[in-house]
$ cat work.pdb   # PDB, C-alpha atoms
ATOM      1  CA  MET A 385      -7.861 -41.566-123.532
ATOM      2  CA  ASP A 386      -5.414 -41.076-120.695
ATOM      3  CA  ALA A 387      -5.378 -37.895-118.658
ATOM      4  CA  PRO A 388      -2.477 -35.553-119.464
ATOM      5  CA  ILE A 389      -0.926 -36.168-116.064
ATOM      6  CA  LEU A 390       2.473 -34.661-116.847
ATOM      7  CA  SER A 391       0.921 -31.425-118.032
ATOM      8  CA  LEU A 392      -1.280 -31.307-114.956
ATOM      9  CA  ILE A 393       1.760 -31.762-112.701
ATOM     10  CA  LEU A 394       3.700 -29.150-114.653
ATOM     11  CA  TRP A 395       1.069 -26.415-114.925
ATOM     12  CA  SER A 396      -1.063 -26.837-111.782
ATOM     13  CA  PRO A 397       1.386 -24.979-109.473
ATOM     14  CA  LEU A 398       1.299 -21.959-111.780
ATOM     15  CA  VAL A 399      -2.492 -21.974-111.989
ATOM     16  CA  PHE A 400      -2.905 -22.483-108.247
ATOM     17  CA  GLY A 401      -0.328 -19.779-107.544
ATOM     18  CA  LEU A 402      -2.361 -17.333-109.596
ATOM     19  CA  LEU A 403      -5.545 -18.422-107.823
ATOM     20  CA  LEU A 404      -3.803 -17.916-104.495
ATOM     21  CA  LEU A 405      -3.499 -14.229-105.349
ATOM     22  CA  LEU A 406      -7.301 -14.039-105.142
ATOM     23  CA  VAL A 407      -7.431 -15.429-101.591
ATOM     24  CA  PRO A 408      -7.817 -12.746 -98.912
ATOM     25  CA  SER A 409      -4.622 -12.202 -96.926
ATOM     26  CA  GLU A 410      -6.374 -11.807 -93.564
ATOM     27  CA  PRO A 411      -6.589 -13.877 -91.447
ATOM     28  CA  VAL A 412      -3.130 -15.273 -92.095
ATOM     29  CA  GLY A 413      -4.219 -18.898 -91.705
ATOM     30  CA  VAL A 414      -6.522 -18.805 -94.731
ATOM     31  CA  PRO A 415      -3.849 -18.320 -97.428
ATOM     32  CA  ARG A 416      -1.569 -20.768 -95.640
ATOM     33  CA  ARG A 417      -4.182 -23.522 -95.566
ATOM     34  CA  THR A 418      -5.151 -22.755 -99.154
ATOM     35  CA  ALA A 419      -1.523 -22.962-100.298
ATOM     36  CA  ILE A 420      -1.074 -26.310 -98.537
ATOM     37  CA  ALA A 421      -4.249 -27.658-100.144
ATOM     38  CA  PHE A 422      -3.114 -26.417-103.570
ATOM     39  CA  SER A 423       0.322 -27.991-103.131
ATOM     40  CA  LEU A 424      -1.210 -31.387-102.415
ATOM     41  CA  VAL A 425      -2.710 -31.598-105.916
ATOM     42  CA  PRO A 426       0.591 -31.919-107.852
ATOM     43  CA  PHE A 427       1.930 -34.202-105.136
ATOM     44  CA  LEU A 428      -1.032 -36.564-105.425
ATOM     45  CA  LEU A 429      -0.804 -36.450-109.211
ATOM     46  CA  SER A 430       2.867 -37.421-108.979
ATOM     47  CA  LEU A 431       1.865 -40.442-106.883
ATOM     48  CA  VAL A 432      -0.594 -41.437-109.620
ATOM     49  CA  MET A 433       2.179 -41.034-112.180
ATOM     50  CA  LEU A 434       4.474 -43.193-110.047
ATOM     51  CA  GLY A 435       1.819 -45.903-110.038
ATOM     52  CA  GLN A 436       1.626 -45.798-113.845
ATOM     53  CA  PHE A 437       5.383 -46.031-114.341
ATOM     54  CA  ASP A 438       6.696 -49.442-115.438
ATOM     55  CA  SER A 439      10.345 -49.843-114.474
ATOM     56  CA  SER A 440      10.711 -52.964-116.634
ATOM     57  CA  VAL A 441      10.303 -50.891-119.803
ATOM     58  CA  GLY A 442      13.488 -49.284-121.081
ATOM     59  CA  THR A 443      11.880 -46.610-123.261
ATOM     60  CA  LEU A 444      10.244 -43.258-122.650
ATOM     61  CA  GLN A 445       6.959 -43.543-120.826
ATOM     62  CA  LEU A 446       4.055 -41.217-120.053
ATOM     63  CA  ARG A 447       4.640 -39.067-123.127
ATOM     64  CA  GLU A 448       2.398 -36.236-124.236
ATOM     65  CA  SER A 449       2.588 -34.628-127.629
ATOM     66  CA  VAL A 450       0.086 -32.132-129.010
ATOM     67  CA  GLU A 451       0.291 -30.144-132.224
ATOM     68  CA  TRP A 452       0.202 -26.522-131.139
ATOM     69  CA  MET A 453       0.869 -24.561-134.329
ATOM     70  CA  PRO A 454       0.890 -27.118-137.158
ATOM     71  CA  SER A 455       1.591 -24.535-139.844
ATOM     72  CA  LEU A 456       4.870 -23.688-138.109
ATOM     73  CA  GLY A 457       5.642 -27.236-137.030
ATOM     74  CA  VAL A 458       5.409 -26.318-133.321
ATOM     75  CA  ARG A 459       4.422 -29.050-130.861
ATOM     76  CA  TYR A 460       3.905 -29.148-127.116
ATOM     77  CA  TRP A 461       5.896 -32.128-125.984
ATOM     78  CA  CYS A 462       6.327 -33.368-122.449
ATOM     79  CA  CYS A 463       7.753 -36.670-121.284
ATOM     80  CA  SER A 464       8.964 -38.393-118.175
ATOM     81  CA  ARG A 465      11.804 -40.840-118.259
ATOM     82  CA  ARG A 466      13.832 -42.609-115.681
ATOM     83  CA  CYS A 467      17.374 -41.239-115.413
TER      84      CYS A 467
END
$ encode --input "work.pdb" --output "structure tokens"
Amino acid sequence: MDAPILSLILWSPLVFGLLLLLVPSEPVGVPRRTAIAFSLVPFLLSLVMLGQFDSSVGTLQLRESVEWMPSLGVRYWCCSRRC
């Protein structure tokens, strides 16, 4: 099974932003270095996604679809496509 890379790229900044609130604010360099390290994660994941993208295919790629509330017909759906 493939990793849900789009969801990781989408939600990791929010999660890391919340974790950054737990980092002590003094000395000033600590939260700055932590924020830079956290920001590298979605960037590196986007490079992985770029490597998985096949430009010769004309359809949607790297799709994710998960039933969230089946009784209501609600799905979590995320996709990446070339514009």
$ resolve_selection --input "work.pdb" --expression "the PyMOL selection byres ((chain A and resi 392) around 12)" --output "CSV table (one decimal) with C-alpha atoms, in the frame of the given file"
chain,number,residue,atom,x,y,z
A,387,ALA,CA,-5.4,-37.9,-118.7
A,388,PRO,CA,-2.5,-35.6,-119.5
A,389,ILE,CA,-0.9,-36.2,-116.1
A,390,LEU,CA,2.5,-34.7,-116.8
A,391,SER,CA,0.9,-31.4,-118.0
A,393,ILE,CA,1.8,-31.8,-112.7
A,394,LEU,CA,3.7,-29.2,-114.7
A,395,TRP,CA,1.1,-26.4,-114.9
A,396,SER,CA,-1.1,-26.8,-111.8
A,397,PRO,CA,1.4,-25.0,-109.5
A,398,LEU,CA,1.3,-22.0,-111.8
A,399,VAL,CA,-2.5,-22.0,-112.0
A,400,PHE,CA,-2.9,-22.5,-108.2
A,425,VAL,CA,-2.7,-31.6,-105.9
A,426,PRO,CA,0.6,-31.9,-107.9
A,427,PHE,CA,1.9,-34.2,-105.1
A,428,LEU,CA,-1.0,-36.6,-105.4
A,429,LEU,CA,-0.8,-36.4,-109.2
A,430,SER,CA,2.9,-37.4,-109.0
A,432,VAL,CA,-0.6,-41.4,-109.6
A,433,MET,CA,2.2,-41.0,-112.2
A,448,GLU,CA,2.4,-36.2,-124.2
A,462,CYS,CA,6.3,-33.4,-122.4
$ atom_distance --input "work.pdb" --atom1 "atom CA of Phe437 of chain A" --atom2 "atom CA of Ser423 of chain A"
21.8 Å
$ resolve_selection --input "work.pdb" --expression "the PyMOL selection byres ((chain A and resi 404) around 12)" --output "list in words"
Ser396, Pro397, Leu398, Val399, Phe400, Gly401, Leu402, Leu403, Leu405, Leu406, Val407, Pro408, Ser409, Val414, Pro415, Arg416, Arg417, Thr418, Ala419, Ile420, Ala421, Phe422 and Ser423 of chain A
$ residues_around --input "work.pdb" --residues "segment 458-461 of chain A" --least-positions-apart "6" --cutoff "10 Å" --atoms "only C-alpha atoms" --output "PyMOL selection string"
chain A and resi 391+447-452
$ atom_distance --input "work.pdb" --atom1 "atom CA of Leu424 of chain A" --atom2 "atom CA of Gln445 of chain A"
23.5 Å
$ axis_aligned_box --input "work.pdb" --around "segment 388-405 of chain A" --padding-each-side "3 Å" --output "AutoDock Vina command-line options"
--center_x -0.9 --center_y -25.2 --center_z -112.0 --size_x 15.2 --size_y 27.9 --size_z 21.0
$ atom_distance --input "work.pdb" --atom1 "atom CA of Ser455 of chain A" --atom2 "atom CA of Thr443 of chain A"
29.5 Å
$ decode --input "work.pdb" --residues "segment 422-450 of chain A" --atoms "N, CA and C atoms" --output "PDB file, in the first residue's frame"
ATOM      1  N   PHE A 422      10.835  21.658  10.781  1.00  0.00           N
ATOM      2  CA  PHE A 422       9.467  21.228  10.502  1.00  0.00           C
ATOM      3  C   PHE A 422       9.060  21.564   9.070  1.00  0.00           C
ATOM      4  N   SER A 423       9.505  22.687   8.548  1.00  0.00           N
ATOM      5  CA  SER A 423       9.111  23.079   7.197  1.00  0.00           C
ATOM      6  C   SER A 423       9.787  22.228   6.132  1.00  0.00           C
ATOM      7  N   LEU A 424      10.885  21.595   6.473  1.00  0.00           N
ATOM      8  CA  LEU A 424      11.563  20.733   5.500  1.00  0.00           C
ATOM      9  C   LEU A 424      10.783  19.450   5.227  1.00  0.00           C
ATOM     10  N   VAL A 425       9.986  18.997   6.171  1.00  0.00           N
ATOM     11  CA  VAL A 425       9.249  17.741   5.996  1.00  0.00           C
ATOM     12  C   VAL A 425       8.275  17.814   4.820  1.00  0.00           C
ATOM     13  N   PRO A 426       7.355  18.816   4.770  1.00  0.00           N
ATOM     14  CA  PRO A 426       6.470  18.858   3.592  1.00  0.00           C
ATOM     15  C   PRO A 426       7.222  19.117   2.287  1.00  0.00           C
ATOM     16  N   PHE A 427       8.319  19.859   2.377  1.00  0.00           N
ATOM     17  CA  PHE A 427       9.105  20.106   1.168  1.00  0.00           C
ATOM     18  C   PHE A 427       9.698  18.801   0.642  1.00  0.00           C
ATOM     19  N   LEU A 428      10.288  18.012   1.519  1.00  0.00           N
ATOM     20  CA  LEU A 428      10.867  16.740   1.087  1.00  0.00           C
ATOM     21  C   LEU A 428       9.793  15.771   0.593  1.00  0.00           C
ATOM     22  N   LEU A 429       8.640  15.792   1.240  1.00  0.00           N
ATOM     23  CA  LEU A 429       7.533  14.958   0.767  1.00  0.00           C
ATOM     24  C   LEU A 429       7.068  15.388  -0.622  1.00  0.00           C
ATOM     25  N   SER A 430       7.092  16.690  -0.887  1.00  0.00           N
ATOM     26  CA  SER A 430       6.689  17.158  -2.220  1.00  0.00           C
ATOM     27  C   SER A 430       7.703  16.718  -3.279  1.00  0.00           C
ATOM     28  N   LEU A 431       8.974  16.609  -2.902  1.00  0.00           N
ATOM     29  CA  LEU A 431       9.967  16.091  -3.845  1.00  0.00           C
ATOM     30  C   LEU A 431       9.724  14.613  -4.135  1.00  0.00           C
ATOM     31  N   VAL A 432       9.312  13.866  -3.126  1.00  0.00           N
ATOM     32  CA  VAL A 432       8.957  12.452  -3.329  1.00  0.00           C
ATOM     33  C   VAL A 432       7.760  12.363  -4.266  1.00  0.00           C
ATOM     34  N   MET A 433       6.764  13.224  -4.033  1.00  0.00           N
ATOM     35  CA  MET A 433       5.582  13.227  -4.884  1.00  0.00           C
ATOM     36  C   MET A 433       5.962  13.573  -6.327  1.00  0.00           C
ATOM     37  N   LEU A 434       6.860  14.518  -6.495  1.00  0.00           N
ATOM     38  CA  LEU A 434       7.314  14.892  -7.834  1.00  0.00           C
ATOM     39  C   LEU A 434       7.961  13.705  -8.534  1.00  0.00           C
ATOM     40  N   GLY A 435       8.714  12.917  -7.778  1.00  0.00           N
ATOM     41  CA  GLY A 435       9.340  11.728  -8.356  1.00  0.00           C
ATOM     42  C   GLY A 435       8.329  10.663  -8.764  1.00  0.00           C
ATOM     43  N   GLN A 436       7.185  10.626  -8.114  1.00  0.00           N
ATOM     44  CA  GLN A 436       6.152   9.637  -8.428  1.00  0.00           C
ATOM     45  C   GLN A 436       5.247  10.080  -9.571  1.00  0.00           C
ATOM     46  N   PHE A 437       5.284  11.350  -9.916  1.00  0.00           N
ATOM     47  CA  PHE A 437       4.385  11.874 -10.937  1.00  0.00           C
ATOM     48  C   PHE A 437       4.848  11.446 -12.320  1.00  0.00           C
ATOM     49  N   ASP A 438       3.925  10.976 -13.139  1.00  0.00           N
ATOM     50  CA  ASP A 438       4.221  10.541 -14.509  1.00  0.00           C
ATOM     51  C   ASP A 438       3.559  11.519 -15.471  1.00  0.00           C
ATOM     52  N   SER A 439       4.351  12.356 -16.098  1.00  0.00           N
ATOM     53  CA  SER A 439       3.794  13.391 -16.980  1.00  0.00           C
ATOM     54  C   SER A 439       3.237  12.826 -18.284  1.00  0.00           C
ATOM     55  N   SER A 440       3.520  11.563 -18.591  1.00  0.00           N
ATOM     56  CA  SER A 440       2.984  10.982 -19.822  1.00  0.00           C
ATOM     57  C   SER A 440       1.546  10.492 -19.653  1.00  0.00           C
ATOM     58  N   VAL A 441       1.048  10.484 -18.436  1.00  0.00           N
ATOM     59  CA  VAL A 441      -0.313  10.039 -18.163  1.00  0.00           C
ATOM     60  C   VAL A 441      -1.222  11.262 -18.118  1.00  0.00           C
ATOM     61  N   GLY A 442      -2.317  11.210 -18.831  1.00  0.00           N
ATOM     62  CA  GLY A 442      -3.206  12.364 -18.926  1.00  0.00           C
ATOM     63  C   GLY A 442      -4.369  12.348 -17.951  1.00  0.00           C
ATOM     64  N   THR A 443      -4.332  11.479 -16.962  1.00  0.00           N
ATOM     65  CA  THR A 443      -5.431  11.402 -15.991  1.00  0.00           C
ATOM     66  C   THR A 443      -4.944  11.844 -14.614  1.00  0.00           C
ATOM     67  N   LEU A 444      -5.900  11.885 -13.680  1.00  0.00           N
ATOM     68  CA  LEU A 444      -5.533  12.225 -12.303  1.00  0.00           C
ATOM     69  C   LEU A 444      -4.572  11.178 -11.750  1.00  0.00           C
ATOM     70  N   GLN A 445      -3.595  11.656 -11.007  1.00  0.00           N
ATOM     71  CA  GLN A 445      -2.630  10.764 -10.396  1.00  0.00           C
ATOM     72  C   GLN A 445      -2.556  11.051  -8.904  1.00  0.00           C
ATOM     73  N   LEU A 446      -1.978  10.131  -8.166  1.00  0.00           N
ATOM     74  CA  LEU A 446      -1.731  10.289  -6.735  1.00  0.00           C
ATOM     75  C   LEU A 446      -3.009  10.616  -5.973  1.00  0.00           C
ATOM     76  N   ARG A 447      -4.063   9.892  -6.266  1.00  0.00           N
ATOM     77  CA  ARG A 447      -5.354  10.125  -5.613  1.00  0.00           C
ATOM     78  C   ARG A 447      -5.429   9.404  -4.286  1.00  0.00           C
ATOM     79  N   GLU A 448      -6.175   9.999  -3.370  1.00  0.00           N
ATOM     80  CA  GLU A 448      -6.488   9.364  -2.091  1.00  0.00           C
ATOM     81  C   GLU A 448      -7.978   9.519  -1.866  1.00  0.00           C
ATOM     82  N   SER A 449      -8.608   8.448  -1.466  1.00  0.00           N
ATOM     83  CA  SER A 449     -10.030   8.492  -1.179  1.00  0.00           C
ATOM     84  C   SER A 449     -10.316   7.521  -0.042  1.00  0.00           C
ATOM     85  N   VAL A 450     -10.879   8.049   1.039  1.00  0.00           N
ATOM     86  CA  VAL A 450     -11.171   7.244   2.216  1.00  0.00           C
ATOM     87  C   VAL A 450     -12.597   7.532   2.652  1.00  0.00           C
TER      88      VAL A 450
END
